[in-house]
Each structure stands twice: as structure tokens, then as C-alpha cells.
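Participant: Provided below: upload.pdb, containing PDB, C-alpha atoms.
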```
ATOM      1  CA  MET A   1       0.000   0.000   0.000
ATOM      2  CA  LYS A   2       1.167   3.507  -0.819
ATOM      3  CA  SER A   3       1.599   5.392   2.416
ATOM      4  CA  LEU A   4       0.989   8.943   3.526
ATOM      5  CA  ALA A   5       4.649   9.324   4.501
ATOM      6  CA  GLU A   6       5.559  10.306   0.956
ATOM      7  CA  LEU A   7       3.081  13.131   1.152
ATOM      8  CA  LYS A   8       4.928  14.597   4.120
ATOM      9  CA  ALA A   9       8.087  14.815   2.024
ATOM     10  CA  ILE A  10       6.191  16.603  -0.757
ATOM     11  CA  ARG A  11       4.707  19.032   1.771
ATOM     12  CA  GLU A  12       8.105  19.918   3.173
ATOM     13  CA  LYS A  13       9.403  20.578  -0.312
ATOM     14  CA  MET A  14       6.411  22.597  -1.453
ATOM     15  CA  GLN A  15       5.642  24.682   1.579
ATOM     16  CA  ASN A  16       8.179  27.406   0.831
ATOM     17  CA  GLN A  17       6.864  27.959  -2.675
ATOM     18  CA  VAL A  18       3.146  28.096  -1.996
ATOM     19  CA  GLY A  19       1.249  31.355  -1.936
ATOM     20  CA  LEU A  20       2.544  32.559  -5.285
ATOM     21  CA  ARG A  21      -0.205  30.815  -7.070
ATOM     22  CA  ALA A  22      -3.306  32.194  -5.436
ATOM     23  CA  GLU A  23      -6.191  33.025  -7.769
ATOM     24  CA  ASP A  24      -5.844  36.517  -9.090
ATOM     25  CA  HIS A  25      -7.532  38.632 -11.692
ATOM     26  CA  ASN A  26      -4.758  38.326 -14.221
ATOM     27  CA  HIS A  27      -5.344  34.591 -14.538
ATOM     28  CA  THR A  28      -6.594  33.053 -17.722
ATOM     29  CA  ARG A  29      -9.509  30.841 -16.749
ATOM     30  CA  VAL A  30     -10.185  27.562 -18.491
ATOM     31  CA  VAL A  31     -13.566  26.150 -17.510
ATOM     32  CA  VAL A  32     -14.825  22.656 -18.352
ATOM     33  CA  GLY A  33     -18.542  21.821 -18.192
ATOM     34  CA  MET A  34     -18.989  18.891 -15.816
ATOM     35  CA  ALA A  35     -22.726  18.267 -15.526
ATOM     36  CA  THR A  36     -24.423  15.026 -16.660
ATOM     37  CA  CYS A  37     -24.331  16.165 -20.294
ATOM     38  CA  GLY A  38     -20.638  17.031 -20.221
ATOM     39  CA  ILE A  39     -19.581  13.953 -18.289
ATOM     40  CA  ALA A  40     -21.559  11.624 -20.583
ATOM     41  CA  ALA A  41     -19.970  13.253 -23.635
ATOM     42  CA  GLY A  42     -16.441  12.751 -22.297
ATOM     43  CA  ALA A  43     -15.558  15.835 -20.233
ATOM     44  CA  ARG A  44     -13.525  13.988 -17.595
ATOM     45  CA  PRO A  45     -10.577  13.082 -19.896
ATOM     46  CA  VAL A  46     -10.691  16.618 -21.326
ATOM     47  CA  LEU A  47     -10.394  18.160 -17.856
ATOM     48  CA  THR A  48      -7.626  15.735 -16.880
ATOM     49  CA  LYS A  49      -5.692  16.438 -20.088
ATOM     50  CA  LEU A  50      -6.043  20.218 -19.791
ATOM     51  CA  SER A  51      -4.830  20.314 -16.236
ATOM     52  CA  GLN A  52      -1.982  17.905 -17.021
ATOM     53  CA  GLU A  53      -0.835  19.989 -20.013
ATOM     54  CA  VAL A  54      -1.084  23.245 -18.063
ATOM     55  CA  GLN A  55       1.092  21.699 -15.350
ATOM     56  CA  GLU A  56       3.598  20.150 -17.711
ATOM     57  CA  ARG A  57       4.022  23.292 -19.779
ATOM     58  CA  GLY A  58       4.587  25.329 -16.624
ATOM     59  CA  LEU A  59       1.519  27.522 -17.053
ATOM     60  CA  THR A  60       0.079  27.097 -13.568
ATOM     61  CA  ASP A  61       0.931  30.630 -12.476
ATOM     62  CA  LYS A  62      -0.947  32.085 -15.450
ATOM     63  CA  VAL A  63      -3.763  29.643 -16.145
ATOM     64  CA  ALA A  64      -6.368  28.240 -13.766
ATOM     65  CA  VAL A  65      -8.279  25.155 -14.913
ATOM     66  CA  THR A  66     -11.648  24.786 -13.185
ATOM     67  CA  GLN A  67     -15.017  23.166 -13.752
ATOM     68  CA  THR A  68     -18.612  24.255 -13.884
ATOM     69  CA  GLY A  69     -22.105  22.804 -14.301
ATOM     70  CA  CYS A  70     -24.409  22.743 -17.307
ATOM     71  CA  ILE A  71     -24.424  25.933 -19.357
ATOM     72  CA  GLY A  72     -27.431  24.876 -21.425
ATOM     73  CA  LEU A  73     -25.722  23.827 -24.652
ATOM     74  CA  CYS A  74     -25.772  20.097 -23.977
ATOM     75  CA  GLN A  75     -25.655  19.112 -27.637
ATOM     76  CA  PHE A  76     -22.212  20.717 -27.955
ATOM     77  CA  GLU A  77     -20.582  19.049 -24.945
ATOM     78  CA  PRO A  78     -17.810  18.586 -23.940
ATOM     79  CA  ILE A  79     -17.514  22.366 -23.756
ATOM     80  CA  VAL A  80     -14.417  24.273 -22.687
ATOM     81  CA  GLU A  81     -14.555  28.016 -22.116
ATOM     82  CA  VAL A  82     -11.366  30.040 -22.212
ATOM     83  CA  MET A  83     -11.412  33.444 -20.557
ATOM     84  CA  VAL A  84      -8.287  35.503 -21.103
ATOM     85  CA  PRO A  85      -8.423  38.772 -19.119
ATOM     86  CA  GLY A  86      -9.371  41.677 -21.364
ATOM     87  CA  GLU A  87     -10.460  39.447 -24.250
ATOM     88  CA  PRO A  88     -13.865  38.092 -25.243
ATOM     89  CA  LYS A  89     -14.716  34.624 -23.915
ATOM     90  CA  VAL A  90     -14.019  31.780 -26.342
ATOM     91  CA  THR A  91     -16.276  28.706 -26.227
ATOM     92  CA  TYR A  92     -14.804  25.492 -27.601
ATOM     93  CA  ILE A  93     -17.281  22.740 -28.357
ATOM     94  CA  ARG A  94     -17.229  18.951 -28.860
ATOM     95  CA  MET A  95     -13.812  18.731 -27.265
ATOM     96  CA  ASP A  96     -11.647  15.692 -26.708
ATOM     97  CA  ALA A  97      -8.204  15.190 -25.182
ATOM     98  CA  GLU A  98      -6.393  15.762 -28.498
ATOM     99  CA  LYS A  99      -8.205  18.994 -29.246
ATOM    100  CA  ALA A 100      -7.496  20.085 -25.672
ATOM    101  CA  VAL A 101      -3.751  19.760 -26.281
ATOM    102  CA  GLU A 102      -4.131  21.831 -29.431
ATOM    103  CA  VAL A 103      -6.001  24.548 -27.527
ATOM    104  CA  VAL A 104      -3.234  24.662 -24.918
ATOM    105  CA  ASN A 105      -0.549  24.984 -27.603
ATOM    106  CA  ARG A 106      -2.230  27.340 -30.020
ATOM    107  CA  HIS A 107      -4.440  29.427 -27.735
ATOM    108  CA  LEU A 108      -3.018  29.422 -24.200
ATOM    109  CA  ILE A 109       0.612  29.451 -25.321
ATOM    110  CA  GLY A 110       0.424  30.813 -28.872
ATOM    111  CA  GLY A 111      -2.292  33.388 -28.237
ATOM    112  CA  HIS A 112      -4.392  32.445 -31.286
ATOM    113  CA  VAL A 113      -7.952  31.163 -30.973
ATOM    114  CA  VAL A 114      -8.413  27.724 -32.576
ATOM    115  CA  GLU A 115     -11.348  28.912 -34.686
ATOM    116  CA  GLU A 116     -12.403  25.542 -36.100
ATOM    117  CA  TYR A 117     -13.340  24.197 -32.644
ATOM    118  CA  THR A 118     -15.308  27.193 -31.434
ATOM    119  CA  LEU A 119     -19.028  27.581 -31.018
ATOM    120  CA  SER A 120     -19.019  30.536 -33.420
ATOM    121  CA  SER A 121     -17.686  28.291 -36.189
ATOM    122  CA  THR A 122     -20.917  26.264 -36.190
ATOM    123  CA  ASP A 123     -24.021  27.232 -38.109
ATOM    124  CA  MET A 124     -26.135  27.253 -34.978
ATOM    125  CA  LYS A 125     -27.788  30.584 -34.465
TER     126      LYS A 125
ATOM    127  CA  MET B   1     -22.824   6.793 -19.558
ATOM    128  CA  PRO B   2     -20.290   4.261 -20.800
ATOM    129  CA  GLU B   3     -18.889   3.465 -17.353
ATOM    130  CA  LEU B   4     -20.209   3.543 -13.788
ATOM    131  CA  SER B   5     -17.390   5.742 -12.528
ATOM    132  CA  LEU B   6     -18.869   8.555 -14.627
ATOM    133  CA  ASN B   7     -22.197   8.118 -12.837
ATOM    134  CA  VAL B   8     -20.287   8.400  -9.564
ATOM    135  CA  LEU B   9     -18.715  11.640 -10.774
ATOM    136  CA  ASP B  10     -22.085  12.959 -11.895
ATOM    137  CA  VAL B  11     -23.976  12.105  -8.705
ATOM    138  CA  THR B  12     -21.185  13.394  -6.485
ATOM    139  CA  GLU B  13     -21.079  16.679  -8.385
ATOM    140  CA  ASN B  14     -24.661  17.074  -7.160
ATOM    141  CA  SER B  15     -23.448  16.544  -3.582
ATOM    142  CA  THR B  16     -20.892  19.310  -3.929
ATOM    143  CA  ARG B  17     -23.486  21.617  -5.436
ATOM    144  CA  ALA B  18     -25.720  20.819  -2.464
ATOM    145  CA  GLY B  19     -23.052  22.410  -0.298
ATOM    146  CA  ALA B  20     -21.723  19.182   1.218
ATOM    147  CA  LYS B  21     -18.737  19.524   3.548
ATOM    148  CA  LEU B  22     -18.079  15.794   3.626
ATOM    149  CA  VAL B  23     -18.892  13.170   1.021
ATOM    150  CA  SER B  24     -18.321   9.456   1.610
ATOM    151  CA  ILE B  25     -18.050   7.239  -1.429
ATOM    152  CA  ARG B  26     -17.912   3.515  -0.949
ATOM    153  CA  VAL B  27     -17.417   1.027  -3.768
ATOM    154  CA  THR B  28     -17.782  -2.607  -2.710
ATOM    155  CA  ALA B  29     -17.474  -5.638  -4.939
ATOM    156  CA  ASP B  30     -18.545  -8.850  -3.236
ATOM    157  CA  HIS B  31     -18.164 -12.049  -5.207
ATOM    158  CA  GLY B  32     -19.996 -14.044  -2.520
ATOM    159  CA  SER B  33     -23.267 -12.209  -3.024
ATOM    160  CA  ASP B  34     -22.381 -11.347  -6.647
ATOM    161  CA  THR B  35     -23.010  -7.642  -6.085
ATOM    162  CA  LEU B  36     -21.267  -4.372  -6.768
ATOM    163  CA  THR B  37     -22.522  -1.696  -4.391
ATOM    164  CA  ILE B  38     -21.830   2.009  -4.774
ATOM    165  CA  GLN B  39     -22.892   4.241  -1.906
ATOM    166  CA  ILE B  40     -22.533   8.016  -1.978
ATOM    167  CA  GLU B  41     -23.384   9.799   1.234
ATOM    168  CA  ASP B  42     -23.243  13.564   1.728
ATOM    169  CA  ASP B  43     -24.058  16.130   4.384
ATOM    170  CA  GLY B  44     -25.386  18.651   1.887
ATOM    171  CA  CYS B  45     -28.688  20.536   1.948
ATOM    172  CA  GLY B  46     -30.777  17.399   1.335
ATOM    173  CA  MET B  47     -34.100  17.122  -0.455
ATOM    174  CA  THR B  48     -37.737  17.279   0.537
ATOM    175  CA  LYS B  49     -39.890  14.158   0.358
ATOM    176  CA  GLU B  50     -41.517  15.472  -2.817
ATOM    177  CA  GLN B  51     -38.163  16.090  -4.466
ATOM    178  CA  VAL B  52     -36.953  12.592  -3.609
ATOM    179  CA  GLU B  53     -40.081  11.140  -5.184
ATOM    180  CA  GLN B  54     -39.592  13.153  -8.354
ATOM    181  CA  VAL B  55     -35.859  12.869  -8.735
ATOM    182  CA  THR B  56     -35.918   9.649 -10.777
ATOM    183  CA  ASP B  57     -38.289  11.305 -13.239
ATOM    184  CA  PRO B  58     -36.204  12.563 -16.205
ATOM    185  CA  PHE B  59     -38.501  15.547 -16.607
ATOM    186  CA  PHE B  60     -37.838  16.803 -13.120
ATOM    187  CA  THR B  61     -34.881  19.022 -12.421
ATOM    188  CA  THR B  62     -34.134  21.960 -10.158
ATOM    189  CA  ARG B  63     -31.826  23.537 -12.664
ATOM    190  CA  THR B  64     -32.957  26.385 -14.883
ATOM    191  CA  THR B  65     -30.616  26.003 -17.860
ATOM    192  CA  ARG B  66     -32.635  23.123 -19.315
ATOM    193  CA  LYS B  67     -35.794  21.182 -18.671
ATOM    194  CA  VAL B  68     -34.539  17.639 -18.186
ATOM    195  CA  GLY B  69     -32.421  15.968 -15.520
ATOM    196  CA  LEU B  70     -31.038  12.638 -16.655
ATOM    197  CA  GLY B  71     -28.270  11.949 -14.155
ATOM    198  CA  ILE B  72     -30.273  10.034 -11.574
ATOM    199  CA  PRO B  73     -32.612   8.270 -14.063
ATOM    200  CA  PHE B  74     -29.579   6.971 -16.007
ATOM    201  CA  TYR B  75     -27.925   5.735 -12.846
ATOM    202  CA  LYS B  76     -31.078   4.073 -11.507
ATOM    203  CA  TYR B  77     -31.647   2.298 -14.802
ATOM    204  CA  ALA B  78     -28.014   1.156 -14.938
ATOM    205  CA  ALA B  79     -28.516  -0.535 -11.543
ATOM    206  CA  GLU B  80     -31.987  -1.971 -12.029
ATOM    207  CA  SER B  81     -31.216  -3.426 -15.456
ATOM    208  CA  THR B  82     -28.641  -5.699 -13.796
ATOM    209  CA  GLY B  83     -31.084  -7.168 -11.304
ATOM    210  CA  GLY B  84     -29.869  -4.715  -8.684
ATOM    211  CA  SER B  85     -31.576  -1.951  -6.751
ATOM    212  CA  PHE B  86     -31.464   1.780  -6.272
ATOM    213  CA  SER B  87     -32.394   4.007  -3.374
ATOM    214  CA  ILE B  88     -32.179   7.606  -2.272
ATOM    215  CA  VAL B  89     -32.583   8.563   1.356
ATOM    216  CA  SER B  90     -32.573  12.267   2.030
ATOM    217  CA  GLU B  91     -33.493  14.767   4.683
ATOM    218  CA  VAL B  92     -33.525  18.523   4.352
ATOM    219  CA  GLY B  93     -30.628  20.019   6.270
ATOM    220  CA  LYS B  94     -29.034  16.628   6.979
ATOM    221  CA  GLY B  95     -27.899  15.252   3.641
ATOM    222  CA  THR B  96     -28.513  12.615   1.027
ATOM    223  CA  THR B  97     -27.446   8.996   0.567
ATOM    224  CA  VAL B  98     -27.625   7.413  -2.863
ATOM    225  CA  THR B  99     -27.150   3.653  -2.948
ATOM    226  CA  ALA B 100     -26.952   1.609  -6.121
ATOM    227  CA  VAL B 101     -26.561  -2.162  -6.123
ATOM    228  CA  PHE B 102     -25.556  -3.928  -9.324
ATOM    229  CA  GLY B 103     -25.438  -7.590 -10.280
ATOM    230  CA  LEU B 104     -21.645  -8.038 -10.355
ATOM    231  CA  SER B 105     -21.560 -10.712 -13.061
ATOM    232  CA  HIS B 106     -24.689  -9.524 -14.895
ATOM    233  CA  ILE B 107     -24.077  -9.170 -18.631
ATOM    234  CA  ASP B 108     -25.741  -5.744 -18.740
ATOM    235  CA  ARG B 109     -23.658  -4.247 -15.966
ATOM    236  CA  MET B 110     -21.499  -1.394 -17.220
ATOM    237  CA  PRO B 111     -17.858  -1.700 -16.212
ATOM    238  CA  LEU B 112     -16.839   0.367 -13.191
ATOM    239  CA  GLY B 113     -14.297   2.110 -15.406
ATOM    240  CA  ASP B 114     -11.711   4.610 -14.275
ATOM    241  CA  ILE B 115     -12.943   5.197 -10.741
ATOM    242  CA  SER B 116      -9.546   6.544  -9.644
ATOM    243  CA  SER B 117      -9.839   9.393 -12.179
ATOM    244  CA  THR B 118     -13.316  10.176 -10.903
ATOM    245  CA  ILE B 119     -12.145  10.410  -7.291
ATOM    246  CA  HIS B 120      -9.055  12.379  -8.300
ATOM    247  CA  THR B 121     -11.159  14.875 -10.264
ATOM    248  CA  LEU B 122     -13.542  15.304  -7.330
ATOM    249  CA  VAL B 123     -10.795  15.784  -4.752
ATOM    250  CA  VAL B 124      -8.657  18.196  -6.781
ATOM    251  CA  TYR B 125     -11.482  20.350  -8.151
ATOM    252  CA  HIS B 126     -13.506  20.604  -4.949
ATOM    253  CA  PRO B 127     -11.017  21.894  -2.413
ATOM    254  CA  GLU B 128     -13.883  23.037  -0.142
ATOM    255  CA  THR B 129     -15.256  19.527   0.229
ATOM    256  CA  ASP B 130     -13.734  16.604   2.102
ATOM    257  CA  PHE B 131     -14.013  13.116   0.659
ATOM    258  CA  VAL B 132     -13.727   9.713   2.267
ATOM    259  CA  TYR B 133     -13.389   7.139  -0.455
ATOM    260  CA  THR B 134     -13.283   3.420   0.255
ATOM    261  CA  TYR B 135     -12.689   0.785  -2.374
ATOM    262  CA  GLN B 136     -13.361  -2.755  -1.296
ATOM    263  CA  VAL B 137     -13.131  -6.095  -3.080
ATOM    264  CA  ASP B 138     -14.263  -9.013  -0.901
ATOM    265  CA  ASP B 139     -12.126  -8.737   2.268
ATOM    266  CA  ARG B 140      -9.488  -6.309   0.975
ATOM    267  CA  GLU B 141      -9.969  -2.544   1.012
ATOM    268  CA  PHE B 142      -8.282   0.833   1.138
ATOM    269  CA  THR B 143      -9.489   4.304   2.081
ATOM    270  CA  LEU B 144      -8.506   7.772   0.984
ATOM    271  CA  ASP B 145      -9.564  10.399   3.519
ATOM    272  CA  THR B 146      -8.873  13.949   2.381
ATOM    273  CA  ARG B 147      -9.075  15.169   6.004
ATOM    274  CA  GLU B 148      -5.914  13.147   6.699
ATOM    275  CA  LEU B 149      -4.212  14.566   3.612
ATOM    276  CA  ARG B 150      -5.181  18.097   4.621
ATOM    277  CA  GLU B 151      -3.681  17.611   8.061
ATOM    278  CA  ILE B 152      -0.363  16.510   6.581
ATOM    279  CA  LEU B 153      -0.325  19.185   3.885
ATOM    280  CA  GLU B 154      -0.796  22.134   6.272
ATOM    281  CA  GLY B 155      -2.244  24.452   3.672
ATOM    282  CA  VAL B 156      -0.532  23.165   0.538
ATOM    283  CA  PRO B 157      -3.434  22.780  -1.926
ATOM    284  CA  PHE B 158      -4.438  19.510  -3.626
ATOM    285  CA  SER B 159      -4.047  21.242  -6.979
ATOM    286  CA  GLU B 160      -0.274  21.604  -6.548
ATOM    287  CA  PRO B 161       1.088  19.441  -9.392
ATOM    288  CA  GLU B 162       3.124  17.152  -7.139
ATOM    289  CA  VAL B 163       0.304  16.710  -4.645
ATOM    290  CA  SER B 164      -2.222  16.089  -7.404
ATOM    291  CA  GLN B 165       0.065  13.461  -8.906
ATOM    292  CA  TYR B 166       0.609  11.847  -5.519
ATOM    293  CA  ILE B 167      -3.165  11.555  -4.994
ATOM    294  CA  MET B 168      -3.588   9.882  -8.383
ATOM    295  CA  GLU B 169      -0.770   7.439  -7.636
ATOM    296  CA  PHE B 170      -2.192   6.716  -4.189
ATOM    297  CA  LEU B 171      -5.533   5.870  -5.793
ATOM    298  CA  THR B 172      -4.271   3.718  -8.643
ATOM    299  CA  GLU B 173      -1.594   1.829  -6.730
ATOM    300  CA  ASN B 174      -3.807   1.000  -3.773
ATOM    301  CA  LYS B 175      -6.680   0.087  -6.064
ATOM    302  CA  SER B 176      -4.604  -2.453  -7.940
ATOM    303  CA  GLU B 177      -3.457  -3.966  -4.656
ATOM    304  CA  VAL B 178      -7.056  -4.361  -3.563
ATOM    305  CA  ASP B 179      -8.469  -5.789  -6.796
ATOM    306  CA  GLN B 180      -5.148  -7.350  -7.892
ATOM    307  CA  GLY B 181      -5.605  -6.018 -11.381
ATOM    308  CA  VAL B 182      -8.992  -7.615 -11.977
ATOM    309  CA  VAL B 183     -11.182  -5.259 -14.020
ATOM    310  CA  LEU B 184     -14.539  -4.671 -12.354
TER     311      LEU B 184
END
```
Translate this file's structure into C-alpha cells.

Facilitator:
Amino acid sequence: MKSLAELKAIREKMQNQVGLRAEDHNHTRVVVGMATCGIAAGARPVLTKLSQEVQERGLTDKVAVTQTGCIGLCQFEPIVEVMVPGEPKVTYIRMDAEKAVEVVNRHLIGGHVVEEYTLSSTDMK
Amino acid sequence: MPELSLNVLDVTENSTRAGAKLVSIRVTADHGSDTLTIQIEDDGCGMTKEQVEQVTDPFFTTRTTRKVGLGIPFYKYAAESTGGSFSIVSEVGKGTTVTAVFGLSHIDRMPLGDISSTIHTLVVYHPETDFVYTYQVDDREFTLDTRELREILEGVPFSEPEVSQYIMEFLTENKSEVDQGVVL
């Protein structure tokens, strides 16, 4: 069995560095819909992938990945909203883990919206 | 829902939205009685008797963004179609307990799926809520209690990459020791 002792070691290492990462208004927010509709459509792997990529690419002090409930567009789930401070909200629809990686690379790092995955690229009006 | 662990995620999201401070999730596979039991117990705001009666009706929901609520009906059907049972016990101000029993070897039972990811997602993304998760197969079991983790961490959040990774490893390693790699 994996023990809690290892966690103590991590705590001791981390404790000095914590506090730098508190939520602030300059954060880019990445929000994944996690209601029944989102979960059934595959939101869990999308959330896991996003948070993993954000950690691995060292973006945690700029980007906060969180979750929300149903936003009423169930047919487009899994939905990921990206809110960069000072820019209009971008809604990505029908996401999967691969598209999530692309959004991290092209949007969160590169600064360009991945137009083909957005809600505004569909014909729905 | 293609796997039961997603139902667990879905139902437990409701617990967190009900303002639960503590959620207990217990997954028990018992080959003797050929059952898989999933119990989710919270201390959230609870439901009135009328709400409990209506909650398995797909056309009842308290949300306002849409008119249907399929989470509980899906879950109930998933249990009952395997010869199992489903119950919700709830009291306003006290909390809610959702218990689903599945026929373990029933052909229509969905696989449990990636339950460790479900628990990890819940723990990391709901820092305000404590979780006690127990995974049991016959006479072997392990428990993850976030109150214990919190005590050790002294303020270091679960979302810290190294902590988050530790929690995932704790879940997957201990799970495979309990079920010895058998897929439920």
C-alpha cells in the first residue's frame, strides 16, 4: 500500500513555494462543463488532459483550470470556455483530449484562438 | 454513460453543489453475493420528500438552464437493469445517501471504469469539500480520507502538481493492490 509518509516529504518541499499561485484577476480561466451532459460526452478526460498539459508546460501561475455545471448547450458538450483577461470569452465545443492539447498549444501558449473548434464556427444561431 | 465511474462523478457533483462539507463514497465488490454496491453519502442541503419522489423522473430538475435531468434516471436504470436496486434517502438540512446495487456478473452491468480518475477529479477540483473514499473487493480494502491529507499538507493545496500526482498514484496503486488487477 502507498503510504501517507511520501506526502509529508512533498509538503516539506512545497511549503516554501506556496502562496505565489493564489487566484488573481490576471489569470486566464479555463472552464470545463462537468454536468451530466458534459460527463456523458467525455468531459472527464478533457479536464484531466487540460490540467496535465497546463502543469507540464509550466503555465500554472498564469492559467487556472476549473469546472462548472451545465451551461445549457448540452448538444455541444464537452464544452471548454477560455477566458483571457481583457479578451472576449471563447467557447470550444465537442472537445476531446487531443483537441485540448491543441487549444493549450495554439491558444493558451500561442495566443491564437483555434477557430475551427469554437461555437461561433458552427451554423447554430 | 459508458462506465459507472462517470455516474459516480455525476452524482457526487450534485453533492458538492448541495453544499456538502463531507462526502463518503464507498465502492464494494462482493463475489460471494455477486453484487457491486456504490454508496454516496453527503451532508449537503438534502431534499424534501416530494423532491426525492420526483428525482428519478427525467422531466424533473431543479436547474434552470434546461428542462430535463437525466443523471439520476440513467444511474437508476443502470442498476436496475442488472437485477440490482437503487435508493435515495434524504433529509432537508441533513444530507442525502444514494445507494446503487448492481449484479456483479450480470451481462448488462457497465464496467466500473476509471474510478480513480473520478475520485481524483472530485478531490482536486472541490477543495472546499472533504471526501472519504473506500474501495473494497471481498475482504481487501483501502481508504482515501482527504481530512488526513489536509492535516499533513498544512495548507498546501491539492491542486499543486506534485500533490495532485501523488493523490492519483495513491488511488491507482492501492486500487490495484485491492483488486489485484482484476477489471470490475

Participant: For chain B, which residues have at least one atom within 7 Å of chain A, if we go by all atoms listed in the file? Write them as a list in words, please.

Facilitator: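 For chain B, the answer reads Met1, Leu6, Asp10, Thr65, Arg66, Gly71, Tyr125, Ile152, Leu153, Val156, Pro161, Phe170, Glu173 and Asn174 of chain B.
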
Participant: Starting from the PyMOL selection byres ((chain B and resi 86-98) around 8), expand the selection into actual residues of this file and give them as number ranges by chain.

Facilitator: B: 15, 20, 39-49, 52, 76, 79-80, 84-85, 99-101

Participant: List, as a list in words, every residue that the PyMOL selection byres ((chain A and resi 122) around 12) selects in the file provided.

Facilitator: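 Listing what the PyMOL selection byres ((chain A and resi 122) around 12) selects in the shown file: Phe76, Thr91, Tyr92, Ile93, Arg94, Glu115, Glu116, Tyr117, Thr118, Leu119, Ser120, Ser121, Asp123, Met124 and Lys125 of chain A.
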
Participant: Would you write out those residues with C-alpha atoms, as an mmCIF file, in the coordinates of the input?

Facilitator:
```
data_model
loop_
_atom_site.group_PDB
_atom_site.id
_atom_site.type_symbol
_atom_site.label_atom_id
_atom_site.label_comp_id
_atom_site.auth_asym_id
_atom_site.auth_seq_id
_atom_site.Cartn_x
_atom_site.Cartn_y
_atom_site.Cartn_z
ATOM 1 C CA PHE A 76 -22.212 20.717 -27.955
ATOM 2 C CA THR A 91 -16.276 28.706 -26.227
ATOM 3 C CA TYR A 92 -14.804 25.492 -27.601
ATOM 4 C CA ILE A 93 -17.281 22.740 -28.357
ATOM 5 C CA ARG A 94 -17.229 18.951 -28.860
ATOM 6 C CA GLU A 115 -11.348 28.912 -34.686
ATOM 7 C CA GLU A 116 -12.403 25.542 -36.100
ATOM 8 C CA TYR A 117 -13.340 24.197 -32.644
ATOM 9 C CA THR A 118 -15.308 27.193 -31.434
ATOM 10 C CA LEU A 119 -19.028 27.581 -31.018
ATOM 11 C CA SER A 120 -19.019 30.536 -33.420
ATOM 12 C CA SER A 121 -17.686 28.291 -36.189
ATOM 13 C CA ASP A 123 -24.021 27.232 -38.109
ATOM 14 C CA MET A 124 -26.135 27.253 -34.978
ATOM 15 C CA LYS A 125 -27.788 30.584 -34.465
#
```

Participant: Near B:Ser81, counting only C-alpha atoms, which residues have an atom at most 10 Å away, once you skip same-chain residues fewer than 4 positions from it, shown as a PDB file with C-alpha atoms, in the coordinates of the input?

Facilitator:
```pdb
ATOM      1  CA  LYS B  76     -31.078   4.073 -11.507  1.00  0.00           C
ATOM      2  CA  TYR B  77     -31.647   2.298 -14.802  1.00  0.00           C
ATOM      3  CA  SER B  85     -31.576  -1.951  -6.751  1.00  0.00           C
ATOM      4  CA  PHE B 102     -25.556  -3.928  -9.324  1.00  0.00           C
ATOM      5  CA  GLY B 103     -25.438  -7.590 -10.280  1.00  0.00           C
ATOM      6  CA  HIS B 106     -24.689  -9.524 -14.895  1.00  0.00           C
ATOM      7  CA  ILE B 107     -24.077  -9.170 -18.631  1.00  0.00           C
ATOM      8  CA  ASP B 108     -25.741  -5.744 -18.740  1.00  0.00           C
ATOM      9  CA  ARG B 109     -23.658  -4.247 -15.966  1.00  0.00           C
TER      10      ARG B 109
END
```

Participant: Give me the residues near B:Glu128 as a VMD selection string, where near means some atom within 10 Å (using only C-alpha atoms) and where sequence neighbours in that chain fewer than 6 positions away do not count.

Facilitator: chain B and resid 16 19 to 22

Participant: Using Å and a single decimal, report how far atom CA of B:Leu104 sits from atom CA of B:Leu36.

Facilitator: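 Interatomic distance here is 5.1 Å.
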
Participant: Could you tell me which residues the PyMOL selection byres ((chain B and resi 139) around 12) returns for this structure, as a VMD selection string?

Facilitator: chain B and resid 28 to 32 135 to 138 140 to 142 178 to 179

Participant: For A:Lys99, which of A:His112, A:Gly33, A:His27, A:Lys49 is the closest residue, counting only C-alpha atoms?

Facilitator: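 Closest candidate: A:Lys49.
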
Participant: Between atom CA of B:Thr82 and atom CA of B:Glu53, what is the distance, to one decimal in Å?

Facilitator: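 Distance reported for this atom pair: 22.1 Å.
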
Participant: Just the number, please: distance in Å from atom CA of A:Val103 to atom CA of A:Val46, one decimal.

Facilitator: 11.1 Å

Participant: Taking 6 positions as the minimum chain separation for residues in the same chain, which residues sit within 9 Å of B:Pro2 when counting all atoms listed in the file? Answer as a list in words.

Facilitator: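 Skipping anything fewer than 6 positions along the chain leaves Ala40 of chain A; Met110, Pro111 and Gly113 of chain B.
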
Participant: So, with all atoms listed in the file as the atoms that count, which of B:Thr146, B:Thr12, B:Asn7, B:Thr56 lies closest to B:Leu171?

Facilitator: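 Of the candidates, the smallest distance to B:Leu171 is held by B:Thr146.
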
Participant: Measuring atom to atom with all atoms listed in the file, identify which of A:Val101, A:Met95, A:Asn26, A:Glu53 is nearest to A:Val80.

Facilitator: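 Closest residue, counting all atoms listed in the file: A:Met95.
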